[in-house]
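Structure record follows, encoded as structure tokens.
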Amino acid sequence: MAKRAPTIITCAITGAIHTPTMSAALPFTPDDIARQAIAAAEAGASILHMHARRPDDGGVSINPDHFAAFLPRIKQATAAVINLSTGGSLTNTIEERIAPALRFSPEMCSLNMGSMNFSFHPLAKRYDTWRFGWEKDYVANSDTYIFRNTFRDIGNVASTLAPHDIRFEHECYDVGHLYNLRFCMDIGLFKAPVFIQFIFGILGGIGPEVDNLVFMKRTADRLFGEDYRWSVLGAGGAQMGLATTAAEMGGNVRVGLEDSLQIARGRLAESNAQQVTKIRRIIEDLGCEVATPDQARDMLGLKGGDRVAF
């Protein structure tokens with residue numbers, strides 16, 4: 001029997017959904033983002049998925065200057081792969097969303113593989129008071145958002161970032177997104193092997209049931225054969241359960257405060273590193289090895305940390 005590949009842990013540090021009111025652990029200043037990212041890498045995350053925030057009030061930011069305040073510090077302190085979001089804000093154009101990637105030329109970027117309703121408005125009903133004035137409307141009005149990722153948008157990202165030799169984490173929120181990726185590969189936008197993030201539990205995408213994970217995996221097997229690697233992101237309370245199932249199935253995993261504020265149902269996590277520590281223990285208890293950053297680079301065909309621009 002062939003030796004099983006190590007399991008890659010991605011940690012998504014802060015994201016663009018949760019707000020400071022929802023958890024005191026959610027980092028938004030450059031110091032806190034850098035500190036939590038470094039701690040997550042030390043706990044076992046080989047990939048750090050990064051968004052930026054406005055340092056004064058925690059609002060979502062795609063300003064490259066806000067990324068510049070923490071990216072070099074993380075690179076100097078860890079060997080982890082830096083993966084920059086191209087999702088960013090749901091209200092910005094794709095050209096605006098890829099500006100940080102163009103400036104910093106990271107090893108990886110996320111890339112969403114289809115347009116969709118993307119909402120978290122039910123969270124607005126959970127809080128009577130808010131730490132910052134922007135939060136309530138941002139959350140409550142998310143039922144009006146369409147997360148735009150048209151075929152032209154995807155093609156623009158692929159062609160614009162091609163000179164930077166960036167590999168993508170192809171985020172697939174539903175089964176149709178897998179077919180979109182297959183089409184994009186067929187017309188030459190992306191080369192095998194690809195890295196797919198199956199995403200479950202976002203309102204507007206596929207639900208967080210194990211049956212859906214099995215269905216997505218079978219569909220990907222049919223569409224991509226041996227030409228892909230995969231990981232699982234379970235939003236909210238589904239995070240650890242789906243990550244555990246993915247690890248048992250031979251996949252990779254993603255955790256982090258972007259995706260869930262909890263460490264267990266009904267209990268807030270103290271940090272990103274706490275979530276990484278928990279899933280690492282589960283993976284190792286299952287008899288699996290956790291991938292180092294260099295192993296992740298080799299598995300995903302990345303260009304190396306010496307070729308980034310930060």
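Here's how to read the names in the structure tokens: chain A, B, ... by the order shown, residue numbers from 1 in each chain, ligand numbers from 1 in the order shown.
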
- Message: Would you pick out the contacts of stretch 280-287 of chain A at 7 Å or less, using only C-alpha atoms, so that residues sharing its chain but fewer than 4 positions from it are not included, and give the list as a PyMOL selection string?
- Response: chain A and resi 44+244+247+276

Go ahead and dump the residues you just picked, N, CA and C atoms, as a PDB file, in the first residue's frame.
```pdb
ATOM      1  N   GLY A  44       0.938  24.302  13.817  1.00  0.00           N
ATOM      2  CA  GLY A  44       0.896  23.246  12.809  1.00  0.00           C
ATOM      3  C   GLY A  44       0.275  23.605  11.480  1.00  0.00           C
ATOM      4  N   THR A 244     -12.639  16.623  10.404  1.00  0.00           N
ATOM      5  CA  THR A 244     -12.288  15.273  10.834  1.00  0.00           C
ATOM      6  C   THR A 244     -12.660  14.256   9.766  1.00  0.00           C
ATOM      7  N   ALA A 247     -10.224  14.454   6.897  1.00  0.00           N
ATOM      8  CA  ALA A 247      -8.946  13.817   7.219  1.00  0.00           C
ATOM      9  C   ALA A 247      -9.063  12.301   7.127  1.00  0.00           C
ATOM     10  N   VAL A 276      -6.195  25.246  15.375  1.00  0.00           N
ATOM     11  CA  VAL A 276      -5.168  24.445  14.700  1.00  0.00           C
ATOM     12  C   VAL A 276      -4.688  23.324  15.608  1.00  0.00           C
TER      13      VAL A 276
END
```

- Message: Which of stretch 166-209 of chain A end up as strand (DSSP E or B) when DSSP is run on this backbone - answer as a list of chain:residue names?
- Response: A:Arg167, A:Phe168, A:Glu169, A:His170, A:Glu171, A:Cys172, A:Val194, A:Phe195, A:Ile196, A:Gln197, A:Phe198, A:Ile199, A:Phe200, A:Leu203, A:Gly205

- Message: Residues within 9 Å of A:Val253, please, as an MDAnalysis selection string. Count only C-alpha atoms; anything in the same chain fewer than 3 positions from it doesn't count.
- Response: chainID A and resid 7:11 197 230:233 242:244 246:247 279

Write to file, as a compact mmCIF listing (two decimals), in the first residue's frame, the residues of the selection just made, with C-alpha atoms.
```txt
# COMPACT_ATOMS: atom_id res chain seq x y z
CA THR A 7 -2.41 16.31 5.72
CA ILE A 8 -2.17 20.02 4.99
CA ILE A 9 -3.72 22.31 7.60
CA THR A 10 -4.77 25.72 6.31
CA CYS A 11 -5.68 28.39 8.85
CA GLN A 197 -11.36 23.77 -1.33
CA TRP A 230 -8.61 18.69 -2.06
CA SER A 231 -9.40 20.24 1.28
CA VAL A 232 -12.56 20.87 3.31
CA LEU A 233 -13.88 24.02 4.95
CA LEU A 242 -16.27 18.02 8.56
CA ALA A 243 -12.53 18.55 8.94
CA THR A 244 -12.29 15.27 10.83
CA ALA A 246 -12.10 14.97 5.43
CA ALA A 247 -8.95 13.82 7.22
CA ILE A 279 -7.47 19.63 14.46
```

Considering only C-alpha atoms, give me a table of residues in stretch 187-236 of chain A that are at most 12 Å from stretch 257-267 of chain A, with the closest atom pair and distance in Å for each, as JSON lines.
```
{"residue": "A:Ile199", "atom": "CA", "partner": "A:Asp259", "partner_atom": "CA", "distance": 9.8}
{"residue": "A:Phe200", "atom": "CA", "partner": "A:Asp259", "partner_atom": "CA", "distance": 10.1}
{"residue": "A:Gly201", "atom": "CA", "partner": "A:Asp259", "partner_atom": "CA", "distance": 9.6}
{"residue": "A:Ile202", "atom": "CA", "partner": "A:Asp259", "partner_atom": "CA", "distance": 9.3}
{"residue": "A:Val232", "atom": "CA", "partner": "A:Asp259", "partner_atom": "CA", "distance": 11.2}
{"residue": "A:Leu233", "atom": "CA", "partner": "A:Asp259", "partner_atom": "CA", "distance": 7.5}
{"residue": "A:Gly234", "atom": "CA", "partner": "A:Asp259", "partner_atom": "CA", "distance": 7.1}
{"residue": "A:Ala235", "atom": "CA", "partner": "A:Asp259", "partner_atom": "CA", "distance": 5.0}
{"residue": "A:Gly236", "atom": "CA", "partner": "A:Ser260", "partner_atom": "CA", "distance": 4.3}
```

- Message: Quick check for you: according to DSSP on this backbone, which residues of stretch 33-84 of chain A are classed as alpha helix (DSSP H)? Reply as a list in words.
- Response: Ile33, Ala34, Arg35, Gln36, Ala37, Ile38, Ala39, Ala40, Ala41, Glu42, Ala43, Pro64, Asp65, His66, Phe67, Ala68, Leu71, Pro72, Arg73, Ile74, Lys75, Gln76 and Ala77 of chain A

- Query: Got a sec: who's within 7 Å of stretch 45-58 of chain A, counting only C-alpha atoms, leaving out chain neighbours fewer than 3 positions off, as a PyMOL selection string?
  - Reply: chain A and resi 8-15+20+28-30+37+40-41+61-62+66-67+80-85+88+132+276+291-293+296

Sorted by chain and rising residue number, list the residues of stretch 146-174 of chain A at most 8 Å from stretch 96-108 of chain A (counting only C-alpha atoms), each with its closest atom pair and distance in Å to one decimal, as JSON lines.
```
{"residue": "A:Val157", "atom": "CA", "partner": "A:Ile98", "partner_atom": "CA", "distance": 7.3}
{"residue": "A:Leu161", "atom": "CA", "partner": "A:Leu102", "partner_atom": "CA", "distance": 6.8}
{"residue": "A:His164", "atom": "CA", "partner": "A:Ser105", "partner_atom": "CA", "distance": 5.8}
{"residue": "A:Asp165", "atom": "CA", "partner": "A:Glu107", "partner_atom": "CA", "distance": 7.5}
{"residue": "A:Ile166", "atom": "CA", "partner": "A:Glu107", "partner_atom": "CA", "distance": 5.2}
{"residue": "A:Arg167", "atom": "CA", "partner": "A:Met108", "partner_atom": "CA", "distance": 4.8}
{"residue": "A:Phe168", "atom": "CA", "partner": "A:Met108", "partner_atom": "CA", "distance": 5.5}
{"residue": "A:Glu169", "atom": "CA", "partner": "A:Met108", "partner_atom": "CA", "distance": 7.0}
```

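Residues in contact with A:Cys172 at 6 Å, where only C-alpha atoms are counted and same-chain residues fewer than 3 positions away are skipped, are listed as Met113, His177, Phe198 and Ile199 of chain A.
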